[in-house]
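Heads up, work-v3.csv below (CSV, C-alpha atoms and all ligand atoms):
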```csv
chain,number,residue,atom,x,y,z
A,297,MET,CA,51.7,-36.8,124.9
A,298,PRO,CA,49.8,-33.7,125.9
A,299,VAL,CA,50.7,-30.5,124.1
A,300,PRO,CA,51.6,-27.7,126.5
A,301,SER,CA,49.8,-24.3,126.4
A,302,ALA,CA,51.2,-21.8,123.9
A,303,ASP,CA,50.9,-19.1,126.5
A,304,THR,CA,54.0,-16.8,126.2
A,305,GLN,CA,54.1,-15.4,129.7
A,306,PRO,CA,57.2,-16.7,131.6
A,307,ALA,CA,55.2,-18.0,134.5
A,308,ALA,CA,52.8,-19.7,132.2
A,309,LEU,CA,55.7,-21.1,130.2
A,310,CYS,CA,57.2,-22.7,133.2
A,311,LYS,CA,53.8,-23.9,134.4
A,312,ALA,CA,53.1,-25.5,131.0
A,313,THR,CA,56.5,-27.2,131.1
A,314,SER,CA,56.1,-28.5,134.6
A,315,ALA,CA,52.5,-29.6,133.9
A,316,SER,CA,53.4,-31.6,130.8
A,317,THR,CA,56.9,-32.7,131.2
A,318,PRO,CA,57.8,-33.1,134.9
A,319,GLU,CA,59.1,-36.6,134.2
A,320,LEU,CA,61.3,-35.3,131.4
A,321,LEU,CA,62.8,-32.7,133.7
A,322,ALA,CA,63.4,-35.3,136.4
A,323,ALA,CA,64.9,-37.8,134.0
A,324,GLY,CA,67.1,-35.1,132.4
A,325,ARG,CA,68.3,-33.9,135.8
A,326,ALA,CA,69.1,-37.5,136.8
A,327,ALA,CA,71.0,-38.1,133.6
A,328,SER,CA,72.9,-34.9,134.1
A,329,TYR,CA,74.0,-35.8,137.6
A,330,LYS,CA,74.9,-39.3,136.5
A,331,LEU,CA,77.0,-38.0,133.7
A,332,ARG,CA,78.8,-35.5,136.1
A,333,SER,CA,79.7,-38.3,138.4
A,334,GLN,CA,81.0,-40.5,135.6
A,335,LEU,CA,83.1,-37.7,134.2
A,336,MET,CA,84.5,-37.0,137.6
A,337,ALA,CA,85.3,-40.6,138.2
A,338,SER,CA,87.0,-40.9,134.8
A,339,GLY,CA,88.9,-37.7,135.3
A,340,ARG,CA,87.5,-36.2,132.0
A,341,ARG,CA,87.0,-32.6,132.8
A,342,ASN,CA,87.9,-31.1,129.5
A,343,PRO,CA,84.9,-28.7,128.9
A,344,ARG,CA,84.6,-29.7,125.2
A,345,GLN,CA,84.5,-33.4,126.0
A,346,CYS,CA,82.0,-32.7,128.8
A,347,MET,CA,79.7,-30.9,126.4
A,348,LEU,CA,80.0,-33.5,123.7
A,349,ALA,CA,79.0,-36.2,126.2
A,350,TYR,CA,76.2,-33.9,127.6
A,351,ASN,CA,74.7,-33.3,124.2
A,352,VAL,CA,74.7,-37.0,123.3
A,353,CYS,CA,73.5,-38.4,126.6
A,354,VAL,CA,71.5,-35.7,128.4
A,355,ARG,CA,70.1,-33.3,125.8
A,356,SER,CA,68.2,-36.2,124.2
A,357,ALA,CA,66.6,-37.0,127.6
A,358,PHE,CA,65.5,-33.3,127.9
A,359,SER,CA,64.2,-33.4,124.3
A,360,TYR,CA,62.2,-36.6,124.3
A,361,GLY,CA,58.9,-35.8,122.5
A,362,ALA,CA,59.9,-32.2,121.8
A,363,GLN,CA,58.5,-32.8,118.3
A,364,VAL,CA,55.1,-32.6,119.9
A,365,TRP,CA,55.4,-30.2,122.9
A,366,GLY,CA,58.3,-28.2,121.5
A,367,PRO,CA,56.5,-25.6,119.3
A,368,GLY,CA,54.9,-23.9,122.3
A,369,HIS,CA,58.4,-23.2,123.8
A,370,LEU,CA,60.2,-21.7,120.9
A,371,CYS,CA,59.1,-18.1,120.5
A,372,VAL,CA,61.6,-16.7,123.0
A,373,GLU,CA,64.6,-14.3,123.0
A,374,PHE,CA,67.8,-15.4,124.7
A,375,ASP,CA,66.9,-14.0,128.2
A,376,ARG,CA,63.5,-15.7,128.1
A,377,ALA,CA,65.0,-18.9,126.8
A,378,MET,CA,67.2,-18.9,129.9
A,379,GLN,CA,64.1,-19.1,132.2
A,380,HIS,CA,63.0,-22.5,130.9
A,381,PRO,CA,63.6,-25.1,133.7
A,382,MET,CA,65.4,-27.5,131.3
A,383,VAL,CA,67.7,-24.7,130.1
A,384,ILE,CA,68.5,-23.8,133.7
A,385,GLU,CA,69.6,-27.4,134.1
A,386,GLN,CA,71.7,-27.1,130.9
A,387,ARG,CA,73.6,-24.1,132.2
A,388,ARG,CA,74.1,-25.6,135.6
A,389,PHE,CA,76.0,-28.4,133.9
A,390,MET,CA,78.0,-25.8,131.9
A,391,GLN,CA,78.9,-23.9,135.1
A,392,TRP,CA,80.1,-27.1,136.6
A,393,ALA,CA,82.2,-27.9,133.5
A,394,ALA,CA,83.7,-24.4,133.6
A,395,GLY,CA,84.3,-24.6,137.3
A,396,VAL,CA,82.9,-21.0,137.8
A,397,VAL,CA,80.1,-19.6,139.9
A,398,ASN,CA,77.5,-17.3,138.5
A,399,PRO,CA,79.2,-16.3,135.2
A,400,THR,CA,77.3,-14.0,132.8
A,401,LEU,CA,75.0,-16.4,131.0
A,402,ARG,CA,75.8,-15.1,127.5
A,403,LEU,CA,79.5,-15.4,128.1
A,404,LEU,CA,79.0,-18.9,129.4
A,405,TYR,CA,77.1,-20.0,126.2
A,406,MET,CA,79.6,-18.2,124.0
A,407,GLU,CA,82.6,-19.7,125.7
A,408,PHE,CA,81.2,-23.2,125.3
A,409,SER,CA,79.9,-22.5,121.8
A,410,GLN,CA,76.5,-23.7,122.9
A,411,LEU,CA,73.0,-22.6,122.1
A,412,PRO,CA,70.0,-23.0,124.4
A,413,PHE,CA,68.0,-26.2,124.1
A,414,GLN,CA,65.3,-24.3,122.1
A,415,VAL,CA,67.4,-24.5,119.0
A,416,HIS,CA,67.6,-28.3,119.2
A,417,TRP,CA,63.9,-28.5,119.9
A,418,ALA,CA,63.2,-26.3,116.8
A,419,SER,CA,65.3,-28.6,114.7
A,420,LEU,CA,63.3,-31.7,115.9
A,421,VAL,CA,60.0,-29.9,115.3
A,422,LEU,CA,60.8,-28.9,111.8
A,423,ARG,CA,62.2,-32.3,110.9
A,424,PHE,CA,59.0,-33.8,112.2
A,425,TRP,CA,56.9,-31.4,110.1
A,426,ASN,CA,58.8,-32.3,107.0
A,427,ASN,CA,58.4,-36.0,107.8
A,428,LEU,CA,54.7,-35.5,108.0
A,429,VAL,CA,54.6,-33.7,104.6
A,430,LYS,CA,56.7,-36.4,102.9
A,431,HIS,CA,54.3,-39.3,104.0
A,432,PRO,CA,50.9,-38.3,102.7
A,433,ASP,CA,49.2,-41.6,103.0
A,434,THR,CA,49.7,-42.2,106.7
A,435,LEU,CA,47.5,-41.8,109.7
A,436,CYS,CA,49.9,-39.1,111.0
A,437,HIS,CA,49.3,-37.1,107.8
A,438,LYS,CA,45.5,-37.3,108.4
A,439,VAL,CA,46.0,-35.9,111.9
A,440,PHE,CA,48.3,-33.3,110.5
A,441,ARG,CA,45.6,-32.1,108.0
A,442,ASP,CA,43.1,-32.0,110.8
A,443,ASP,CA,45.5,-29.9,112.8
A,444,ILE,CA,45.8,-27.4,109.9
A,445,ARG,CA,42.0,-27.1,109.9
A,446,LEU,CA,42.1,-26.5,113.6
A,447,ALA,CA,44.7,-23.9,113.3
A,448,VAL,CA,42.7,-22.0,110.6
A,449,HIS,CA,39.4,-22.2,112.6
A,450,SER,CA,40.5,-21.8,116.2
A,451,GLU,CA,44.1,-20.4,116.1
A,452,CYS,CA,45.4,-23.1,118.4
A,453,GLY,CA,47.1,-26.5,118.2
A,454,TRP,CA,50.4,-27.8,117.0
A,455,VAL,CA,50.3,-26.4,113.5
A,456,HIS,CA,49.3,-23.0,114.8
A,457,ASP,CA,52.3,-23.0,117.1
A,458,VAL,CA,54.7,-23.9,114.3
A,459,TRP,CA,53.3,-21.1,112.2
A,460,ARG,CA,53.8,-18.7,115.1
A,461,PHE,CA,57.4,-19.9,115.4
A,462,LEU,CA,58.0,-19.3,111.6
A,463,ARG,CA,56.6,-15.8,112.0
A,464,PHE,CA,58.8,-15.3,115.1
A,465,VAL,CA,62.0,-15.9,113.1
A,466,GLY,CA,60.8,-13.4,110.5
A,467,LEU,CA,59.2,-15.5,107.8
A,468,GLU,CA,56.0,-14.4,106.1
A,469,VAL,CA,53.4,-17.1,106.8
A,470,VAL,CA,50.3,-16.7,104.6
A,471,VAL,CA,47.4,-18.8,105.6
A,472,PRO,CA,44.3,-19.0,103.4
A,473,SER,CA,41.0,-18.2,105.3
A,474,ASP,CA,39.5,-21.3,103.7
A,475,SER,CA,40.5,-24.4,105.7
A,476,GLU,CA,40.6,-26.8,102.7
A,477,ALA,CA,42.8,-24.3,100.7
A,478,ALA,CA,45.1,-24.1,103.8
A,479,VAL,CA,45.3,-27.9,104.0
A,480,ALA,CA,46.1,-28.1,100.3
A,481,GLN,CA,48.8,-25.5,100.6
A,482,TRP,CA,50.4,-26.3,103.9
A,483,SER,CA,50.2,-30.1,103.9
A,484,LYS,CA,52.6,-30.1,101.0
A,485,CYS,CA,54.9,-27.4,102.3
A,486,VAL,CA,58.5,-28.5,103.1
A,487,VAL,CA,60.1,-26.2,105.6
A,488,PRO,CA,63.7,-25.1,104.7
A,489,ILE,CA,65.1,-26.2,108.1
A,490,LYS,CA,68.6,-24.9,107.7
A,491,SER,CA,67.5,-21.4,106.8
A,492,VAL,CA,64.9,-21.3,109.5
A,493,LEU,CA,67.4,-22.4,112.2
A,494,ALA,CA,69.9,-19.9,111.0
A,495,LEU,CA,67.3,-17.1,111.4
A,496,TYR,CA,66.4,-18.5,114.9
A,497,GLU,CA,70.1,-18.7,116.0
A,498,GLN,CA,70.6,-15.1,114.8
A,499,ARG,CA,67.7,-13.9,116.8
A,500,LEU,CA,68.8,-15.7,119.9
A,501,THR,CA,72.4,-14.5,119.7
A,502,VAL,CA,71.8,-11.0,118.4
A,503,ALA,CA,72.9,-9.5,121.8
A,504,TRP,CA,76.1,-11.4,121.7
A,505,ARG,CA,77.4,-9.2,118.9
A,506,ASP,CA,76.1,-6.0,120.5
A,507,GLY,CA,76.2,-4.0,117.3
A,508,SER,CA,76.1,-0.7,119.2
A,509,MET,CA,79.7,-1.3,120.3
A,510,LEU,CA,81.1,-2.8,117.1
A,511,GLY,CA,83.6,-0.8,115.2
A,512,SER,CA,84.9,1.1,118.2
A,513,ASP,CA,88.4,0.5,119.6
A,514,PRO,CA,88.2,-2.3,122.3
A,515,ALA,CA,90.9,-0.4,124.3
A,516,GLU,CA,88.3,2.3,124.9
A,517,TYR,CA,86.6,-0.1,127.3
A,518,SER,CA,89.5,0.5,129.7
A,519,ARG,CA,88.1,3.9,130.2
A,520,GLY,CA,84.5,3.5,129.2
A,521,VAL,CA,81.6,1.8,130.9
A,522,GLY,CA,81.0,-1.2,128.7
A,523,PRO,CA,79.2,-4.2,130.0
A,524,HIS,CA,80.9,-7.5,130.3
A,525,VAL,CA,79.6,-8.8,127.0
A,526,CYS,CA,81.3,-6.1,125.0
A,527,ARG,CA,84.7,-6.8,126.6
A,528,TYR,CA,84.2,-10.5,125.9
A,529,ALA,CA,83.2,-10.1,122.2
A,530,HIS,CA,86.0,-7.7,121.5
A,531,TRP,CA,88.8,-9.2,123.5
A,532,MET,CA,88.1,-12.9,123.6
A,533,GLY,CA,86.2,-13.2,120.3
A,534,LEU,CA,82.9,-14.7,119.3
A,535,PRO,CA,82.8,-18.5,118.8
A,536,PRO,CA,83.6,-19.5,115.2
A,537,PRO,CA,80.6,-20.6,113.1
A,538,MET,CA,80.3,-24.3,112.1
A,539,PRO,CA,81.4,-25.0,108.5
A,540,ASP,CA,77.8,-25.8,107.5
A,541,GLY,CA,76.6,-22.5,109.1
A,542,CYS,CA,74.5,-24.3,111.8
A,543,GLY,CA,75.6,-23.5,115.4
A,544,PHE,CA,79.1,-22.6,116.6
A,545,ALA,CA,82.4,-24.5,116.5
A,546,PRO,CA,84.5,-24.7,119.6
A,547,PHE,CA,87.3,-22.2,120.3
A,548,PRO,CA,90.8,-23.4,119.6
A,549,HIS,CA,91.7,-23.6,123.3
A,550,ALA,CA,88.7,-26.0,123.9
A,551,SER,CA,90.5,-28.7,122.0
A,552,ALA,CA,94.0,-28.1,123.3
A,553,CYS,CA,95.7,-30.3,125.8
A,554,ILE,CA,96.1,-28.0,128.8
A,555,PRO,CA,96.8,-29.0,132.5
A,556,LYS,CA,93.7,-28.6,134.7
A,557,ALA,CA,95.0,-25.6,136.8
A,558,GLN,CA,96.1,-23.7,133.7
A,559,ARG,CA,92.8,-24.3,131.9
A,560,SER,CA,91.0,-23.1,134.9
A,561,ALA,CA,93.0,-19.9,134.9
A,562,LEU,CA,92.3,-19.4,131.2
A,563,LEU,CA,88.6,-20.2,131.4
A,564,ARG,CA,88.1,-17.9,134.4
A,565,PHE,CA,90.0,-15.1,132.6
A,566,ARG,CA,87.9,-15.5,129.4
A,567,LEU,CA,84.7,-15.5,131.5
A,568,LEU,CA,85.8,-12.3,133.2
A,569,LYS,CA,85.8,-14.0,136.6
A,570,TRP,CA,89.3,-13.0,137.8
A,571,ASP,CA,89.3,-10.9,140.9
A,572,LEU,CA,90.2,-7.8,139.0
A,573,ALA,CA,89.1,-4.3,140.0
A,574,VAL,CA,86.6,-4.1,137.1
A,575,ASN,CA,85.0,-7.4,138.0
A,576,ARG,CA,84.3,-6.6,141.7
A,577,PRO,CA,80.7,-5.8,142.5
A,578,TRP,CA,81.2,-2.1,143.4
A,579,ILE,CA,78.0,-0.6,142.3
A,580,VAL,CA,78.8,3.0,143.1
A,581,ARG,CA,82.4,3.0,141.9
A,582,ASN,CA,83.1,4.2,138.4
A,583,ARG,CA,85.1,2.1,136.0
A,584,SER,CA,87.7,4.7,135.8
A,585,ASP,CA,88.2,4.5,139.6
A,586,ARG,CA,88.8,0.8,139.5
A,587,VAL,CA,92.6,1.0,139.3
A,588,CYS,CA,95.3,-1.6,139.5
A,589,LYS,CA,96.4,-1.5,143.2
A,590,LEU,CA,99.8,-3.0,142.4
A,591,CYS,CA,100.7,-0.3,139.8
A,592,LYS,CA,99.4,2.4,142.0
A,593,ALA,CA,101.3,1.2,145.1
A,594,ALA,CA,104.5,0.8,143.1
A,595,ASN,CA,104.1,4.2,141.4
A,596,PHE,CA,104.0,2.6,138.0
A,597,GLY,CA,101.0,4.7,137.1
A,598,THR,CA,97.2,4.7,137.4
A,599,PHE,CA,95.5,2.2,135.2
A,600,VAL,CA,92.1,0.6,135.2
A,601,GLU,CA,92.6,-3.0,136.2
A,602,ASP,CA,90.8,-5.1,133.6
A,603,GLU,CA,91.8,-8.1,131.5
A,604,ARG,CA,93.6,-6.0,128.9
A,605,HIS,CA,95.8,-4.3,131.6
A,606,VAL,CA,96.7,-7.7,133.0
A,607,LEU,CA,97.5,-9.2,129.7
A,608,LEU,CA,99.3,-6.3,128.0
A,609,GLU,CA,100.0,-3.4,130.3
A,610,CYS,CA,100.8,-4.2,133.9
A,611,LYS,CA,104.5,-3.8,134.5
A,612,CYS,CA,104.3,-6.2,137.4
A,613,TYR,CA,104.0,-9.1,134.9
A,614,GLU,CA,106.6,-7.8,132.4
A,615,HIS,CA,109.1,-10.5,133.3
A,616,LEU,CA,106.4,-13.2,132.5
A,617,ARG,CA,105.7,-11.6,129.1
A,618,GLN,CA,109.3,-11.8,128.3
A,619,ARG,CA,109.5,-15.4,129.3
A,620,TYR,CA,106.4,-16.4,127.3
A,621,THR,CA,107.5,-14.4,124.2
A,622,HIS,CA,110.0,-17.2,123.7
A,623,GLN,CA,107.1,-19.7,123.7
A,624,GLY,CA,105.3,-18.1,120.7
A,625,LEU,CA,103.1,-15.5,122.4
A,626,ASN,CA,103.4,-12.1,120.8
A,627,PHE,CA,102.3,-9.4,123.2
A,628,THR,CA,102.6,-6.6,120.6
A,629,LEU,CA,99.4,-7.9,118.8
A,630,PRO,CA,95.9,-6.8,119.7
A,631,MET,CA,94.3,-8.7,122.6
A,632,LEU,CA,91.7,-10.4,120.4
A,633,GLN,CA,94.5,-11.9,118.3
A,634,ILE,CA,96.5,-13.1,121.3
A,635,MET,CA,93.4,-14.7,122.9
A,636,ASN,CA,92.7,-16.5,119.6
A,637,SER,CA,96.3,-17.5,118.8
A,638,PRO,CA,97.2,-21.1,118.2
A,639,HIS,CA,99.5,-21.0,121.2
A,640,THR,CA,96.7,-21.7,123.6
A,641,ALA,CA,98.6,-23.9,126.0
A,642,ALA,CA,101.3,-21.2,126.4
A,643,LEU,CA,98.6,-18.6,126.9
A,644,ALA,CA,97.0,-20.7,129.6
A,645,ALA,CA,100.4,-21.3,131.3
A,646,PHE,CA,101.2,-17.5,131.1
A,647,LEU,CA,97.8,-16.6,132.7
A,648,HIS,CA,98.4,-19.3,135.4
A,649,ASP,CA,101.8,-17.8,136.2
A,650,VAL,CA,100.3,-14.2,136.2
A,651,LEU,CA,97.8,-15.4,138.8
A,652,ALA,CA,100.5,-16.9,141.0
A,653,CYS,CA,102.6,-13.7,140.6
A,654,ARG,CA,99.6,-11.5,141.4
A,655,THR,CA,98.9,-13.4,144.6
A,656,ALA,CA,102.5,-13.2,145.7
A,657,LEU,CA,102.7,-9.5,144.9
A,658,PHE,CA,99.5,-8.7,146.8
A,659,GLY,CA,101.0,-10.7,149.7
A,660,LEU,CA,104.1,-8.4,149.5
A,661,MET,CA,101.9,-5.4,149.5
A,662,GLN,CA,99.9,-6.5,152.5
A,663,ASP,CA,103.1,-7.3,154.4
A,664,ASP,CA,104.1,-3.7,154.0
A,665,PRO,CA,101.9,-1.6,156.3
A,666,ALA,CA,103.0,1.6,154.7
A,667,ALA,CA,102.3,0.4,151.1
A,668,HIS,CA,100.1,3.4,150.3
A,669,ASP,CA,102.8,5.8,151.4
A,670,PRO,CA,104.7,7.4,148.4
A,671,VAL,CA,108.1,6.6,149.9
A,672,ALA,CA,107.0,3.0,150.7
A,673,ALA,CA,105.8,2.7,147.1
A,674,LEU,CA,109.4,2.9,145.9
A,675,VAL,CA,110.3,0.2,148.4
A,676,LEU,CA,107.4,-2.0,147.0
A,677,ALA,CA,108.5,-1.3,143.5
A,678,GLY,CA,112.0,-2.5,144.5
A,679,ALA,CA,110.4,-5.6,146.0
A,680,ILE,CA,108.4,-6.3,142.8
A,681,LEU,CA,111.6,-6.0,140.8
A,682,ARG,CA,113.4,-8.3,143.2
A,683,TYR,CA,110.5,-10.8,142.9
A,684,GLN,CA,110.7,-10.6,139.1
A,685,ALA,CA,114.4,-11.2,139.2
A,686,GLN,CA,113.9,-14.3,141.5
A,687,HIS,CA,111.2,-15.7,139.2
A,688,PRO,CA,112.7,-15.2,135.7
A,701,ZN,ZN,99.0,-3.0,137.0
```

Written as structure tokens, that's how I'd like the structure from this file.
Amino acid sequence: MPVPSADTQPAALCKATSASTPELLAAGRAASYKLRSQLMASGRRNPRQCMLAYNVCVRSAFSYGAQVWGPGHLCVEFDRAMQHPMVIEQRRFMQWAAGVVNPTLRLLYMEFSQLPFQVHWASLVLRFWNNLVKHPDTLCHKVFRDDIRLAVHSECGWVHDVWRFLRFVGLEVVVPSDSEAAVAQWSKCVVPIKSVLALYEQRLTVAWRDGSMLGSDPAEYSRGVGPHVCRYAHWMGLPPPMPDGCGFAPFPHASACIPKAQRSALLRFRLLKWDLAVNRPWIVRNRSDRVCKLCKAANFGTFVEDERHVLLECKCYEHLRQRYTHQGLNFTLPMLQIMNSPHTAALAAFLHDVLACRTALFGLMQDDPAAHDPVAALVLAGAILRYQAQHP
């Protein structure tokens, strides 16, 4: 299989991929569509099941031969990793599984506890390297030694790309200037795969944690101008690490048995895709001006309408909070704890009911032509209370 260019420019990267692996891209895409149709036919739309099936059936198609062509595609940060044609296919599948359109990519990967394909390719490459090292009397090892000489003399080739990757993750790679000394040293060097992958994952996910915002009170985002990812990390939580430290484990709600409509409400809420004032694409309007229209119309006060307001503050949903307190949800806890509580099914049902209540209340408000009038606000408040009484 031809080895793609190690060019690091995005355009060149895509070109190298399409030049060397168009069949893989087509095969992976076909496998992805086939899996989607099979999952739809069998009614299995649980996102975790979808991703398990995807990683077994489709990721392998996208990764065929990555041991050889992979090293040229690894030295990328998260945003660059997203530009790879195969990774674009990966996130298309995830969007389909989540049932949302154009979510923030970092949120999508965090929500599904997934990493871009590049991490899997890096694992294959390093395992291939160690296999070469452990079989010194083979033809492959002879080619490996020749490739080390090529890397020393010409600074190109497979070994050179692996060294470049090891430097990219932060390791010190010392290569003797004498090619035979380099062969003697590196042809016996076993790479600590777990440690290298941990460093790579850290580099790819560094923006997920957004250290500049850590330590501050998440409630401040109600008034501040935090980007979506900050709200997600502080209110929904980061995916838990796997017990062995490699990759991320699924969130508790991913494994819970939740009806489809309720799961959709929960997923859209967690991905910041509800039609709340803070999520609308108003470029010129400040966050502080994005207030809850229901609270304002009913004279309950002026609050920024974000996920925290909906979950904990908005008086329009107080009757639902009281109802779901009996099902184990504790709305006196911080939002992060509520979103990661073991009562995920109750939380999904609560959010589903909030969505229905919200739609009904907006309908009431639109029915009242004088809803923005201060006097009419009292009427609307009465209507909301009546609605709450009718839907205990
Ligand atoms: Zn409100």

Can you measure CA of Arg460 in chain A to CA of Val354 in chain A for me? One decimal in Å is fine.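 Interatomic distance, CA of Arg460 in chain A to CA of Val354 in chain A: 27.9 Å.
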
Which is closest to ligand ZN 701 (chain A) among A:Val396, A:Ala323, A:Val492, A:Cys612, if we use all atoms listed in the file? A:Cys612

For Arg566 in chain A, please output as JSON, numbers by chain all residues within 9 Å (counting all atoms listed in the file; exclusion window: fewer than 6 positions along the same chain). {"A": [403, 407, 528, 531, 532, 603, 635]}

Please find the residues contacting ligand ZN 701 (chain A) at a distance of at most 12 Å between atoms, with only C-alpha atoms and all ligand atoms counted, and report them as a ChimeraX atom specification. /A:572-573,586-614,650,653-654,657-658,677,680

May I have the residues within 12 Å of Gly395 in chain A as a tab-separated table (two decimals) with C-alpha atoms, in the coordinates of the input, using all atoms listed in the file and disregarding those fewer than 5 positions away in the same chain?
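Output file selection.tsv follows:
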```
chain	number	residue	atom	x	y	z
A	341	ARG	CA	87.00	-32.60	132.80
A	342	ASN	CA	87.90	-31.10	129.50
A	343	PRO	CA	84.90	-28.70	128.90
A	346	CYS	CA	82.00	-32.70	128.80
A	387	ARG	CA	73.60	-24.10	132.20
A	388	ARG	CA	74.10	-25.60	135.60
A	389	PHE	CA	76.00	-28.40	133.90
A	390	MET	CA	78.00	-25.80	131.90
A	404	LEU	CA	79.00	-18.90	129.40
A	556	LYS	CA	93.70	-28.60	134.70
A	557	ALA	CA	95.00	-25.60	136.80
A	559	ARG	CA	92.80	-24.30	131.90
A	560	SER	CA	91.00	-23.10	134.90
A	561	ALA	CA	93.00	-19.90	134.90
A	562	LEU	CA	92.30	-19.40	131.20
A	563	LEU	CA	88.60	-20.20	131.40
A	564	ARG	CA	88.10	-17.90	134.40
A	567	LEU	CA	84.70	-15.50	131.50
A	569	LYS	CA	85.80	-14.00	136.60
```

Compare A:Ser450, A:Asn626, A:Thr501, A:Asn636 by their minimum atom-to-atom distance to Tyr405 in chain A, counting only C-alpha atoms, and give me the closest one.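 Of A:Ser450, A:Asn626, A:Thr501, A:Asn636, the one nearest Tyr405 in chain A, counting only C-alpha atoms, is A:Thr501.
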
Just how far from CA of Leu651 in chain A is CA of Asp571 in chain A, in Å to one decimal?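 Between CA of Asp571 in chain A and CA of Leu651 in chain A the gap works out to 9.8 Å.
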
Pick from A:Cys553, A:Ala645, A:Cys371, A:Val471: nearest to Val448 in chain A, with only C-alpha atoms counted?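 Among A:Cys553, A:Ala645, A:Cys371, A:Val471, it is A:Val471 that comes nearest to Val448 in chain A.
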
Show which residues sit within 9 Å of Ala641 in chain A, as a PyMOL selection string. Count all atoms listed in the file, and ignore same-chain residues fewer than 6 positions away. chain A and resi 549+552-555+558-559

Separating CA of Val465 in chain A from CA of Gln498 in chain A, to the nearest tenth of an Å, is a gap of 8.8 Å

Using all atoms listed in the file for the distances, tell me which of A:Trp570, A:His639, A:Leu335, A:His380 is nearest to Val397 in chain A. A:Trp570

Residues within 12 Å of (70.7, -36.2, 121.2), file coords, all atoms listed in the file, listed as an mmCIF file with C-alpha atoms, in the coordinates of the input:
```cif
data_model
loop_
_atom_site.group_PDB
_atom_site.id
_atom_site.type_symbol
_atom_site.label_atom_id
_atom_site.label_comp_id
_atom_site.auth_asym_id
_atom_site.auth_seq_id
_atom_site.Cartn_x
_atom_site.Cartn_y
_atom_site.Cartn_z
ATOM 1 C CA GLY A 324 67.100 -35.100 132.400
ATOM 2 C CA MET A 347 79.700 -30.900 126.400
ATOM 3 C CA LEU A 348 80.000 -33.500 123.700
ATOM 4 C CA ALA A 349 79.000 -36.200 126.200
ATOM 5 C CA TYR A 350 76.200 -33.900 127.600
ATOM 6 C CA ASN A 351 74.700 -33.300 124.200
ATOM 7 C CA VAL A 352 74.700 -37.000 123.300
ATOM 8 C CA CYS A 353 73.500 -38.400 126.600
ATOM 9 C CA VAL A 354 71.500 -35.700 128.400
ATOM 10 C CA ARG A 355 70.100 -33.300 125.800
ATOM 11 C CA SER A 356 68.200 -36.200 124.200
ATOM 12 C CA ALA A 357 66.600 -37.000 127.600
ATOM 13 C CA PHE A 358 65.500 -33.300 127.900
ATOM 14 C CA SER A 359 64.200 -33.400 124.300
ATOM 15 C CA TYR A 360 62.200 -36.600 124.300
ATOM 16 C CA GLY A 361 58.900 -35.800 122.500
ATOM 17 C CA ALA A 362 59.900 -32.200 121.800
ATOM 18 C CA PHE A 413 68.000 -26.200 124.100
ATOM 19 C CA HIS A 416 67.600 -28.300 119.200
ATOM 20 C CA TRP A 417 63.900 -28.500 119.900
ATOM 21 C CA SER A 419 65.300 -28.600 114.700
ATOM 22 C CA LEU A 420 63.300 -31.700 115.900
#
```

Leaving out Gln633 in chain A and any residue of its chain fewer than 4 positions from it, which residues lie within 12 Å of it when counting only C-alpha atoms, given as a ChimeraX atom specification? /A:530-534,625-629,637-640,643
